[in-house]
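What follows is final-v3.cif (mmCIF, C-alpha atoms).
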data_target
#
loop_
_atom_site.group_PDB
_atom_site.id
_atom_site.type_symbol
_atom_site.label_atom_id
_atom_site.label_comp_id
_atom_site.auth_asym_id
_atom_site.auth_seq_id
_atom_site.Cartn_x
_atom_site.Cartn_y
_atom_site.Cartn_z
ATOM 1 C CA MET A 1 -79.101 230.456 146.345
ATOM 2 C CA ASP A 2 -82.020 232.797 145.699
ATOM 3 C CA SER A 3 -84.916 232.313 143.318
ATOM 4 C CA LYS A 4 -83.005 233.922 140.479
ATOM 5 C CA ASP A 5 -80.488 231.071 140.558
ATOM 6 C CA TYR A 6 -83.251 228.477 140.622
ATOM 7 C CA LEU A 7 -84.794 230.133 137.611
ATOM 8 C CA LYS A 8 -81.449 230.041 135.845
ATOM 9 C CA ASP A 9 -81.123 226.338 136.693
ATOM 10 C CA ILE A 10 -84.534 225.580 135.212
ATOM 11 C CA SER A 11 -83.871 227.512 132.023
ATOM 12 C CA GLU A 12 -80.500 225.815 131.655
ATOM 13 C CA ILE A 13 -82.111 222.387 132.075
ATOM 14 C CA LYS A 14 -84.696 223.200 129.381
ATOM 15 C CA ASP A 15 -82.051 224.637 127.070
ATOM 16 C CA MET A 16 -79.828 221.571 127.415
ATOM 17 C CA MET A 17 -82.748 219.184 126.854
ATOM 18 C CA THR A 18 -83.678 220.946 123.609
ATOM 19 C CA LYS A 19 -80.122 221.387 122.399
ATOM 20 C CA SER A 20 -79.181 217.758 122.996
ATOM 21 C CA SER A 21 -82.239 216.167 121.427
ATOM 22 C CA ARG A 22 -83.434 218.446 118.630
ATOM 23 C CA PHE A 23 -81.810 220.061 115.645
ATOM 24 C CA ILE A 24 -83.460 223.475 115.524
ATOM 25 C CA SER A 25 -81.403 225.363 112.949
ATOM 26 C CA LEU A 26 -83.668 224.509 110.006
ATOM 27 C CA SER A 27 -84.038 227.533 107.761
ATOM 28 C CA GLY A 28 -87.554 228.808 107.123
ATOM 29 C CA PHE A 29 -86.401 230.775 104.095
ATOM 30 C CA SER A 30 -85.254 227.561 102.389
ATOM 31 C CA GLY A 31 -88.861 226.333 102.722
ATOM 32 C CA ILE A 32 -90.077 229.400 100.810
ATOM 33 C CA LEU A 33 -87.525 228.792 98.038
ATOM 34 C CA ALA A 34 -88.418 225.065 97.865
ATOM 35 C CA GLY A 35 -92.047 226.097 97.344
ATOM 36 C CA ILE A 36 -91.066 228.483 94.543
ATOM 37 C CA TYR A 37 -88.975 225.780 92.826
ATOM 38 C CA ALA A 38 -91.961 223.419 93.055
ATOM 39 C CA LEU A 39 -94.251 226.012 91.446
ATOM 40 C CA ILE A 40 -91.758 226.650 88.616
ATOM 41 C CA GLY A 41 -91.376 222.891 88.081
ATOM 42 C CA ALA A 42 -95.139 222.406 88.062
ATOM 43 C CA TYR A 43 -95.559 225.242 85.554
ATOM 44 C CA ILE A 44 -92.984 223.672 83.203
ATOM 45 C CA ALA A 45 -94.684 220.264 83.465
ATOM 46 C CA TYR A 46 -98.122 221.794 82.918
ATOM 47 C CA TYR A 47 -96.923 223.779 79.894
ATOM 48 C CA LEU A 48 -95.296 220.716 78.321
ATOM 49 C CA VAL A 49 -98.291 218.465 78.833
ATOM 50 C CA THR A 50 -100.843 220.973 77.501
ATOM 51 C CA HIS A 51 -98.755 222.160 74.535
ATOM 52 C CA TYR A 52 -96.893 219.077 73.387
ATOM 53 C CA SER A 53 -98.864 216.148 74.700
ATOM 54 C CA HIS A 54 -102.500 217.253 74.113
ATOM 55 C CA GLY A 55 -103.154 217.269 77.863
ATOM 56 C CA VAL A 56 -102.497 213.574 78.326
ATOM 57 C CA LEU A 57 -99.334 212.095 79.721
ATOM 58 C CA LEU A 58 -97.941 209.113 77.849
ATOM 59 C CA LEU A 59 -95.512 207.019 79.841
ATOM 60 C CA ASN A 60 -93.147 206.336 76.942
ATOM 61 C CA GLY A 61 -93.138 209.858 75.518
ATOM 62 C CA TRP A 62 -90.390 212.455 75.838
ATOM 63 C CA VAL A 63 -92.752 214.808 77.690
ATOM 64 C CA PHE A 64 -93.077 212.301 80.517
ATOM 65 C CA LYS A 65 -89.324 211.861 80.735
ATOM 66 C CA PHE A 66 -88.882 215.619 80.770
ATOM 67 C CA CYS A 67 -91.444 215.919 83.576
ATOM 68 C CA LEU A 68 -89.536 213.349 85.621
ATOM 69 C CA LEU A 69 -86.329 215.295 85.012
ATOM 70 C CA THR A 70 -88.032 218.513 86.138
ATOM 71 C CA LEU A 71 -89.246 216.769 89.279
ATOM 72 C CA ALA A 72 -85.750 215.476 90.037
ATOM 73 C CA LEU A 73 -84.299 218.979 89.522
ATOM 74 C CA VAL A 74 -86.892 220.535 91.858
ATOM 75 C CA ALA A 75 -85.957 217.990 94.536
ATOM 76 C CA LEU A 76 -82.232 218.493 93.946
ATOM 77 C CA PHE A 77 -82.372 222.313 94.083
ATOM 78 C CA SER A 78 -84.579 222.193 97.198
ATOM 79 C CA ILE A 79 -82.133 219.900 98.990
ATOM 80 C CA ILE A 80 -79.094 221.999 98.012
ATOM 81 C CA THR A 81 -80.816 225.245 99.071
ATOM 82 C CA GLY A 82 -81.918 223.631 102.333
ATOM 83 C CA ILE A 83 -78.396 222.451 103.151
ATOM 84 C CA ILE A 84 -76.757 225.800 102.310
ATOM 85 C CA LEU A 85 -79.218 227.977 104.248
ATOM 86 C CA THR A 86 -79.402 225.605 107.215
ATOM 87 C CA THR A 87 -75.606 225.484 107.438
ATOM 88 C CA LYS A 88 -75.573 229.279 107.431
ATOM 89 C CA LYS A 89 -78.173 229.456 110.181
ATOM 90 C CA ALA A 90 -76.402 226.816 112.268
ATOM 91 C CA LYS A 91 -73.208 228.865 112.039
ATOM 92 C CA GLN A 92 -75.049 231.977 113.227
ATOM 93 C CA GLN A 93 -76.401 230.010 116.190
ATOM 94 C CA ASN A 94 -72.999 228.477 116.886
ATOM 95 C CA ALA A 95 -74.528 225.045 116.408
ATOM 96 C CA LYS A 96 -72.866 222.121 114.690
ATOM 97 C CA ILE A 97 -74.378 221.243 111.327
ATOM 98 C CA TRP A 98 -73.466 217.543 111.536
ATOM 99 C CA ASP A 99 -73.852 216.256 115.080
ATOM 100 C CA ALA A 100 -75.902 213.588 116.832
ATOM 101 C CA THR A 101 -79.123 215.629 116.561
ATOM 102 C CA SER A 102 -78.907 216.478 112.853
ATOM 103 C CA ARG A 103 -77.823 212.925 111.980
ATOM 104 C CA ARG A 104 -80.857 211.563 113.805
ATOM 105 C CA LEU A 105 -83.090 214.126 112.108
ATOM 106 C CA VAL A 106 -81.865 213.279 108.597
ATOM 107 C CA PHE A 107 -82.043 209.530 109.252
ATOM 108 C CA ASN A 108 -85.620 209.648 110.530
ATOM 109 C CA PHE A 109 -86.687 211.978 107.729
ATOM 110 C CA LEU A 110 -85.200 209.719 105.060
ATOM 111 C CA ILE A 111 -86.790 206.414 106.134
ATOM 112 C CA PRO A 112 -90.353 207.200 104.936
ATOM 113 C CA LEU A 113 -89.054 209.334 102.070
ATOM 114 C CA VAL A 114 -86.753 206.695 100.558
ATOM 115 C CA VAL A 115 -89.334 203.931 101.003
ATOM 116 C CA GLY A 116 -91.929 206.159 99.327
ATOM 117 C CA GLY A 117 -89.569 207.116 96.518
ATOM 118 C CA ILE A 118 -88.779 203.482 95.717
ATOM 119 C CA TYR A 119 -92.449 202.528 95.916
ATOM 120 C CA ILE A 120 -93.424 205.301 93.477
ATOM 121 C CA LEU A 121 -90.651 204.279 91.042
ATOM 122 C CA ILE A 122 -91.900 200.677 91.167
ATOM 123 C CA ILE A 123 -95.525 201.564 90.403
ATOM 124 C CA LEU A 124 -94.395 204.017 87.703
ATOM 125 C CA SER A 125 -92.465 201.175 86.063
ATOM 126 C CA GLN A 126 -95.727 199.195 86.134
ATOM 127 C CA GLY A 127 -97.440 202.029 84.291
ATOM 128 C CA LYS A 128 -99.591 203.205 87.196
ATOM 129 C CA TYR A 129 -98.806 206.883 87.452
ATOM 130 C CA GLY A 130 -102.251 208.166 88.459
ATOM 131 C CA GLN A 131 -101.517 207.851 92.157
ATOM 132 C CA SER A 132 -97.983 209.207 92.149
ATOM 133 C CA GLY A 133 -98.885 212.832 93.069
ATOM 134 C CA GLY A 134 -100.884 211.716 96.091
ATOM 135 C CA LEU A 135 -98.272 209.156 97.124
ATOM 136 C CA MET A 136 -95.497 211.759 97.007
ATOM 137 C CA LEU A 137 -97.534 213.974 99.338
ATOM 138 C CA ILE A 138 -98.346 211.113 101.718
ATOM 139 C CA PHE A 139 -94.786 209.825 102.077
ATOM 140 C CA TYR A 140 -93.353 213.346 102.332
ATOM 141 C CA GLY A 141 -95.935 214.138 105.029
ATOM 142 C CA LEU A 142 -95.019 210.975 106.945
ATOM 143 C CA ALA A 143 -91.336 211.904 106.684
ATOM 144 C CA LEU A 144 -92.068 215.360 108.152
ATOM 145 C CA VAL A 145 -94.150 213.968 111.020
ATOM 146 C CA ASN A 146 -91.432 211.415 111.774
ATOM 147 C CA ALA A 147 -88.691 214.071 111.680
ATOM 148 C CA SER A 148 -90.602 216.572 113.827
ATOM 149 C CA LYS A 149 -89.662 214.601 116.955
ATOM 150 C CA TYR A 150 -86.049 215.556 116.324
ATOM 151 C CA SER A 151 -86.492 219.136 115.173
ATOM 152 C CA ILE A 152 -88.804 222.099 115.511
ATOM 153 C CA GLY A 153 -92.095 220.487 116.528
ATOM 154 C CA ASP A 154 -94.118 222.724 114.173
ATOM 155 C CA ILE A 155 -93.161 220.743 111.073
ATOM 156 C CA GLN A 156 -95.490 217.942 112.174
ATOM 157 C CA TYR A 157 -98.445 220.192 111.224
ATOM 158 C CA LEU A 158 -97.030 220.729 107.752
ATOM 159 C CA GLY A 159 -96.611 216.944 107.594
ATOM 160 C CA GLY A 160 -100.222 216.424 108.635
ATOM 161 C CA ILE A 161 -101.463 218.803 105.932
ATOM 162 C CA GLN A 162 -99.390 216.994 103.266
ATOM 163 C CA ILE A 163 -100.802 213.616 104.358
ATOM 164 C CA ILE A 164 -104.381 214.929 104.127
ATOM 165 C CA LEU A 165 -103.735 216.423 100.677
ATOM 166 C CA GLY A 166 -102.171 213.116 99.631
ATOM 167 C CA LEU A 167 -105.196 211.129 100.777
ATOM 168 C CA ILE A 168 -107.517 213.480 98.878
ATOM 169 C CA GLY A 169 -105.247 212.878 95.875
ATOM 170 C CA ALA A 170 -105.621 209.121 96.300
ATOM 171 C CA TRP A 171 -109.412 209.534 96.430
ATOM 172 C CA HIS A 172 -109.498 211.847 93.379
ATOM 173 C CA PRO A 173 -106.411 211.056 91.253
ATOM 174 C CA GLY A 174 -107.580 213.642 88.708
ATOM 175 C CA TYR A 175 -106.698 216.440 91.120
ATOM 176 C CA GLY A 176 -103.297 214.874 91.892
ATOM 177 C CA PHE A 177 -101.388 217.554 89.997
ATOM 178 C CA TRP A 178 -103.177 220.487 91.634
ATOM 179 C CA LEU A 179 -102.910 218.939 95.097
ATOM 180 C CA TRP A 180 -99.192 218.496 94.442
ATOM 181 C CA VAL A 181 -98.946 222.204 93.511
ATOM 182 C CA LEU A 182 -100.846 223.097 96.682
ATOM 183 C CA GLY A 183 -98.788 220.816 98.945
ATOM 184 C CA PHE A 184 -95.263 221.182 97.614
ATOM 185 C CA GLY A 185 -95.612 224.705 96.258
ATOM 186 C CA ILE A 186 -98.066 226.864 98.164
ATOM 187 C CA MET A 187 -97.923 225.114 101.560
ATOM 188 C CA HIS A 188 -94.109 225.308 101.532
ATOM 189 C CA ILE A 189 -94.246 229.035 100.860
ATOM 190 C CA ILE A 190 -96.859 229.670 103.567
ATOM 191 C CA TYR A 191 -95.075 227.472 106.066
ATOM 192 C CA GLY A 192 -91.616 228.761 105.224
ATOM 193 C CA THR A 193 -92.846 232.340 105.690
ATOM 194 C CA TRP A 194 -94.392 231.490 109.030
ATOM 195 C CA MET A 195 -91.241 229.733 110.228
ATOM 196 C CA TYR A 196 -89.122 232.593 108.928
ATOM 197 C CA PHE A 197 -90.944 235.151 111.043
ATOM 198 C CA LYS A 198 -91.215 232.829 114.056
ATOM 199 C CA TYR A 199 -87.638 231.521 114.233
ATOM 200 C CA ASP A 200 -85.246 233.061 111.715
ATOM 201 C CA ARG A 201 -85.712 236.740 112.421
ATOM 202 C CA LYS A 202 -84.387 236.761 115.941
ATOM 203 C CA MET B 1 -88.636 222.287 154.902
ATOM 204 C CA SER B 2 -89.862 219.463 152.734
ATOM 205 C CA ILE B 3 -89.158 221.423 149.555
ATOM 206 C CA ILE B 4 -85.626 222.205 150.636
ATOM 207 C CA ASN B 5 -85.104 218.499 151.343
ATOM 208 C CA ASN B 6 -85.917 217.695 147.744
ATOM 209 C CA ILE B 7 -83.209 220.016 146.458
ATOM 210 C CA ASN B 8 -80.579 217.420 145.678
ATOM 211 C CA LYS B 9 -76.987 218.360 146.450
ATOM 212 C CA ALA B 10 -75.782 215.861 143.862
ATOM 213 C CA PHE B 11 -77.199 218.128 141.134
ATOM 214 C CA ASP B 12 -75.892 221.343 142.630
ATOM 215 C CA HIS B 13 -73.491 222.129 139.816
ATOM 216 C CA ARG B 14 -73.948 223.419 136.280
ATOM 217 C CA ILE B 15 -72.131 220.468 134.644
ATOM 218 C CA ARG B 16 -74.035 217.833 136.608
ATOM 219 C CA LEU B 17 -77.306 219.563 135.902
ATOM 220 C CA GLY B 18 -76.347 219.547 132.221
ATOM 221 C CA ILE B 19 -75.358 215.860 132.192
ATOM 222 C CA MET B 20 -78.670 214.885 133.765
ATOM 223 C CA SER B 21 -80.704 217.140 131.422
ATOM 224 C CA ILE B 22 -79.074 215.590 128.357
ATOM 225 C CA LEU B 23 -79.515 212.023 129.588
ATOM 226 C CA MET B 24 -83.171 212.611 130.502
ATOM 227 C CA VAL B 25 -84.098 213.217 126.850
ATOM 228 C CA ASN B 26 -81.564 210.924 125.141
ATOM 229 C CA ASP B 27 -81.339 207.154 125.562
ATOM 230 C CA TYR B 28 -77.598 207.574 125.945
ATOM 231 C CA ALA B 29 -74.836 210.046 125.201
ATOM 232 C CA ASP B 30 -71.148 209.418 124.700
ATOM 233 C CA PHE B 31 -68.331 211.329 126.336
ATOM 234 C CA ASN B 32 -67.646 213.581 123.349
ATOM 235 C CA MET B 33 -71.291 214.539 122.929
ATOM 236 C CA LEU B 34 -71.477 215.595 126.577
ATOM 237 C CA LYS B 35 -68.190 217.435 126.269
ATOM 238 C CA GLU B 36 -69.312 219.408 123.227
ATOM 239 C CA LEU B 37 -72.725 220.293 124.586
ATOM 240 C CA LEU B 38 -71.493 221.327 128.008
ATOM 241 C CA GLY B 39 -68.258 222.949 126.953
ATOM 242 C CA ALA B 40 -66.341 221.120 129.678
ATOM 243 C CA THR B 41 -62.774 219.830 129.781
ATOM 244 C CA ASP B 42 -62.044 216.077 129.857
ATOM 245 C CA GLY B 43 -60.969 216.061 133.491
ATOM 246 C CA ASN B 44 -63.823 218.224 134.664
ATOM 247 C CA LEU B 45 -66.462 216.162 132.899
ATOM 248 C CA ALA B 46 -64.926 212.865 134.049
ATOM 249 C CA SER B 47 -65.026 213.900 137.695
ATOM 250 C CA HIS B 48 -68.688 214.930 137.460
ATOM 251 C CA THR B 49 -69.758 211.765 135.651
ATOM 252 C CA LYS B 50 -67.932 209.738 138.299
ATOM 253 C CA ALA B 51 -69.739 211.582 141.069
ATOM 254 C CA LEU B 52 -73.120 210.901 139.457
ATOM 255 C CA GLU B 53 -72.195 207.272 138.872
ATOM 256 C CA LYS B 54 -71.164 206.849 142.509
ATOM 257 C CA VAL B 55 -74.688 207.698 143.678
ATOM 258 C CA ALA B 56 -76.059 205.405 140.930
ATOM 259 C CA TYR B 57 -77.899 208.193 139.058
ATOM 260 C CA ILE B 58 -76.157 207.359 135.807
ATOM 261 C CA LYS B 59 -74.469 204.253 134.492
ATOM 262 C CA ILE B 60 -71.399 204.021 132.356
ATOM 263 C CA GLU B 61 -71.234 201.562 129.479
ATOM 264 C CA LYS B 62 -67.913 200.837 127.905
ATOM 265 C CA GLN B 63 -67.958 199.219 124.486
ATOM 266 C CA PHE B 64 -66.060 199.028 121.253
ATOM 267 C CA ILE B 65 -67.133 200.651 117.989
ATOM 268 C CA GLY B 66 -64.967 198.721 115.577
ATOM 269 C CA LYS B 67 -61.586 198.909 117.258
ATOM 270 C CA LYS B 68 -62.202 202.215 119.021
ATOM 271 C CA PRO B 69 -63.208 202.150 122.672
ATOM 272 C CA ASN B 70 -66.325 204.172 123.350
ATOM 273 C CA THR B 71 -67.741 205.264 126.687
ATOM 274 C CA ARG B 72 -71.389 206.113 126.832
ATOM 275 C CA TYR B 73 -73.632 207.200 129.618
ATOM 276 C CA ALA B 74 -77.271 206.532 130.404
ATOM 277 C CA VAL B 75 -79.523 207.631 133.234
ATOM 278 C CA THR B 76 -80.733 204.999 135.737
ATOM 279 C CA PRO B 77 -84.385 204.798 136.875
ATOM 280 C CA LEU B 78 -83.221 206.108 140.260
ATOM 281 C CA GLY B 79 -81.450 209.051 138.626
ATOM 282 C CA LYS B 80 -84.534 209.835 136.566
ATOM 283 C CA ALA B 81 -86.784 209.857 139.639
ATOM 284 C CA GLU B 82 -84.353 211.965 141.673
ATOM 285 C CA PHE B 83 -83.885 214.486 138.892
ATOM 286 C CA ARG B 84 -87.658 214.865 138.476
ATOM 287 C CA LYS B 85 -87.942 215.536 142.207
ATOM 288 C CA HIS B 86 -85.163 218.083 141.930
ATOM 289 C CA ILE B 87 -86.877 219.924 139.053
ATOM 290 C CA ASP B 88 -90.202 219.926 140.932
ATOM 291 C CA ALA B 89 -88.484 221.385 143.991
ATOM 292 C CA LEU B 90 -86.826 224.095 141.876
ATOM 293 C CA GLU B 91 -90.137 225.012 140.277
ATOM 294 C CA LYS B 92 -91.890 225.207 143.650
ATOM 295 C CA LEU B 93 -89.159 227.413 145.037
ATOM 296 C CA ILE B 94 -89.538 229.794 142.102
ATOM 297 C CA GLN B 95 -93.310 230.004 142.556
ATOM 298 C CA LYS B 96 -92.910 230.735 146.252
ATOM 299 C CA HIS B 97 -90.835 233.848 145.721
#

structure tokens encoding of this file:
Amino acid sequence: MDSKDYLKDISEIKDMMTKSSRFISLSGFSGILAGIYALIGAYIAYYLVTHYSHGVLLLNGWVFKFCLLTLALVALFSIITGIILTTKKAKQQNAKIWDATSRRLVFNFLIPLVVGGIYILIILSQGKYGQSGGLMLIFYGLALVNASKYSIGDIQYLGGIQIILGLIGAWHPGYGFWLWVLGFGIMHIIYGTWMYFKYDRK
Amino acid sequence: MSIINNINKAFDHRIRLGIMSILMVNDYADFNMLKELLGATDGNLASHTKALEKVAYIKIEKQFIGKKPNTRYAVTPLGKAEFRKHIDALEKLIQKH
């Protein structure tokens, strides 16, 4: 065996370690679209609150219910887009969409996210909605950091940024909405673009 | 000479190298997962896992998931140490050339 074979051995070892432990077919473009959905959703909510609710959000009003619906739709469309584009990318890479690595990724992503979601619903039902923007950012950030161990490592930085934005939101609840726009909208677009050029266009 | 000694003959095959690589980064892997990742046939994979088990680099755990028998593999501390040595030796050989 000459050095070329040793080199091939090493690269095969690395390849197999990555392939067997991380799901790397996440689509960067779906991140961009998720950011755009978030911005559209935020615009609708902002428009409703300023035009129909005199700039204040009343928990029992229709505007609040409509905002919640918008939020749910943003989440739903983001998830659907993410699944479709990631499936497409996995097919291109000849990777399985639902194997041990993607199962582990989804499971670890969902733990902080579901806990956070339930927690936010509980405090909303108690009438404390001031913190919800910051809390969404914090739990989403934790979910990303947790999932990064089982996917492209870069998403831990996005997670870190979301956590920081969330903590600022907890400190200054008045900026919660704008921090949410920055975290879920603009950061997704920036990050999705970066990931798109780094991983997708190969 | 010492570097050559660390090149482990037990890993001198693509499938065995693959099995060890997968088990180094996963707590365990079952037969089908190894098969899919390595693109090996049942018989081929079975003979390589047996060879690695014989030298006690991996251990085989047989269990039941519901009523279905399931065979899963995990690396032993000895296997981990030997594989690290093997990788180090490979890397040194590359640098030398």

Exercise. Given a cut-off of 8 Å, which residues of chain A touch chain B, counting only C-alpha atoms, written out as a PyMOL selection string?
Worked result: chain A and resi 3-4+6-7+9-10+12-14+16-17+19-21+100

For the file shown, report as an mmCIF file with C-alpha atoms, in the frame of the given file the outcome of the PyMOL selection byres ((chain A and resi 183-196) around 10) at residue level.
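The resulting out-v4.cif:
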data_model
loop_
_atom_site.group_PDB
_atom_site.id
_atom_site.type_symbol
_atom_site.label_atom_id
_atom_site.label_comp_id
_atom_site.auth_asym_id
_atom_site.auth_seq_id
_atom_site.Cartn_x
_atom_site.Cartn_y
_atom_site.Cartn_z
ATOM 1 C CA LEU A 26 -83.668 224.509 110.006
ATOM 2 C CA SER A 27 -84.038 227.533 107.761
ATOM 3 C CA GLY A 28 -87.554 228.808 107.123
ATOM 4 C CA PHE A 29 -86.401 230.775 104.095
ATOM 5 C CA SER A 30 -85.254 227.561 102.389
ATOM 6 C CA GLY A 31 -88.861 226.333 102.722
ATOM 7 C CA ILE A 32 -90.077 229.400 100.810
ATOM 8 C CA LEU A 33 -87.525 228.792 98.038
ATOM 9 C CA ALA A 34 -88.418 225.065 97.865
ATOM 10 C CA GLY A 35 -92.047 226.097 97.344
ATOM 11 C CA ILE A 36 -91.066 228.483 94.543
ATOM 12 C CA TYR A 37 -88.975 225.780 92.826
ATOM 13 C CA ALA A 38 -91.961 223.419 93.055
ATOM 14 C CA LEU A 39 -94.251 226.012 91.446
ATOM 15 C CA ILE A 40 -91.758 226.650 88.616
ATOM 16 C CA GLY A 41 -91.376 222.891 88.081
ATOM 17 C CA ALA A 42 -95.139 222.406 88.062
ATOM 18 C CA GLY A 133 -98.885 212.832 93.069
ATOM 19 C CA GLY A 134 -100.884 211.716 96.091
ATOM 20 C CA MET A 136 -95.497 211.759 97.007
ATOM 21 C CA LEU A 137 -97.534 213.974 99.338
ATOM 22 C CA TYR A 140 -93.353 213.346 102.332
ATOM 23 C CA GLY A 141 -95.935 214.138 105.029
ATOM 24 C CA ILE A 152 -88.804 222.099 115.511
ATOM 25 C CA ASP A 154 -94.118 222.724 114.173
ATOM 26 C CA ILE A 155 -93.161 220.743 111.073
ATOM 27 C CA TYR A 157 -98.445 220.192 111.224
ATOM 28 C CA LEU A 158 -97.030 220.729 107.752
ATOM 29 C CA GLY A 159 -96.611 216.944 107.594
ATOM 30 C CA ILE A 161 -101.463 218.803 105.932
ATOM 31 C CA GLN A 162 -99.390 216.994 103.266
ATOM 32 C CA ILE A 163 -100.802 213.616 104.358
ATOM 33 C CA ILE A 164 -104.381 214.929 104.127
ATOM 34 C CA LEU A 165 -103.735 216.423 100.677
ATOM 35 C CA GLY A 166 -102.171 213.116 99.631
ATOM 36 C CA PHE A 177 -101.388 217.554 89.997
ATOM 37 C CA TRP A 178 -103.177 220.487 91.634
ATOM 38 C CA LEU A 179 -102.910 218.939 95.097
ATOM 39 C CA TRP A 180 -99.192 218.496 94.442
ATOM 40 C CA VAL A 181 -98.946 222.204 93.511
ATOM 41 C CA LEU A 182 -100.846 223.097 96.682
ATOM 42 C CA PHE A 197 -90.944 235.151 111.043
ATOM 43 C CA LYS A 198 -91.215 232.829 114.056
ATOM 44 C CA TYR A 199 -87.638 231.521 114.233
ATOM 45 C CA ASP A 200 -85.246 233.061 111.715
ATOM 46 C CA ARG A 201 -85.712 236.740 112.421
ATOM 47 C CA LYS A 202 -84.387 236.761 115.941
#

Problem set entry | Point-to-point distance from atom CA of Ile168 of chain A to atom CA of Cys67 of chain A, Å rounded to tenths | 22.3 Å

Seminar exercise, completed: Computed gap from atom CA of Gly66 of chain B to atom CA of Lys50 of chain B is 25.4 Å

Exercise. Once the PyMOL selection byres ((chain A and resi 83-95) around 6) has been applied to the shown file, what residues remain in the selection, as a PyMOL selection string?
Worked result: chain A and resi 25-27+80-82+96-97

For this session: State, in Å with one decimal place, the distance from atom CA of His54 of chain A to atom CA of Trp171 of chain A.
Result: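 Going from atom CA of His54 of chain A over to atom CA of Trp171 of chain A covers 24.6 Å.
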
Problem set entry | All residues 12 Å or closer to segment 60-66 of chain A, all atoms listed in the file, same chain fewer than 3 positions away omitted, as a PyMOL selection string | chain A and resi 41-42+44-57+69-73+124-127+129

Exercise. When distances are computed from all atoms listed in the file, which of B:Arg72, B:Pro77, B:Ala46, B:Lys85 shows the smallest separation from Phe11 of chain B?
Worked result: B:Lys85

For this session: Decode the PyMOL selection byres ((chain B and resi 49) around 9) for the given file into explicit residues and return them as a list in words.
Result: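 When the PyMOL selection byres ((chain B and resi 49) around 9) is applied to the shown file, the picked residues are Arg16, Ile19, Asn44, Leu45, Ala46, Ser47, His48, Lys50, Ala51, Leu52, Glu53, Lys54, Ile58, Lys59, Ile60 and Tyr73 of chain B.
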
For C-alpha atoms, I'd like the residues from the last selection saved as a short mmCIF file (atom, residue, chain, number, x, y, z; two decimals), in the coordinates of the input.
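To be explicit, this is the file written out as selection.cif:
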data_model
loop_
_atom_site.label_atom_id
_atom_site.label_comp_id
_atom_site.auth_asym_id
_atom_site.auth_seq_id
_atom_site.Cartn_x
_atom_site.Cartn_y
_atom_site.Cartn_z
CA ARG B 16 -74.04 217.83 136.61
CA ILE B 19 -75.36 215.86 132.19
CA ASN B 44 -63.82 218.22 134.66
CA LEU B 45 -66.46 216.16 132.90
CA ALA B 46 -64.93 212.86 134.05
CA SER B 47 -65.03 213.90 137.70
CA HIS B 48 -68.69 214.93 137.46
CA LYS B 50 -67.93 209.74 138.30
CA ALA B 51 -69.74 211.58 141.07
CA LEU B 52 -73.12 210.90 139.46
CA GLU B 53 -72.19 207.27 138.87
CA LYS B 54 -71.16 206.85 142.51
CA ILE B 58 -76.16 207.36 135.81
CA LYS B 59 -74.47 204.25 134.49
CA ILE B 60 -71.40 204.02 132.36
CA TYR B 73 -73.63 207.20 129.62
#
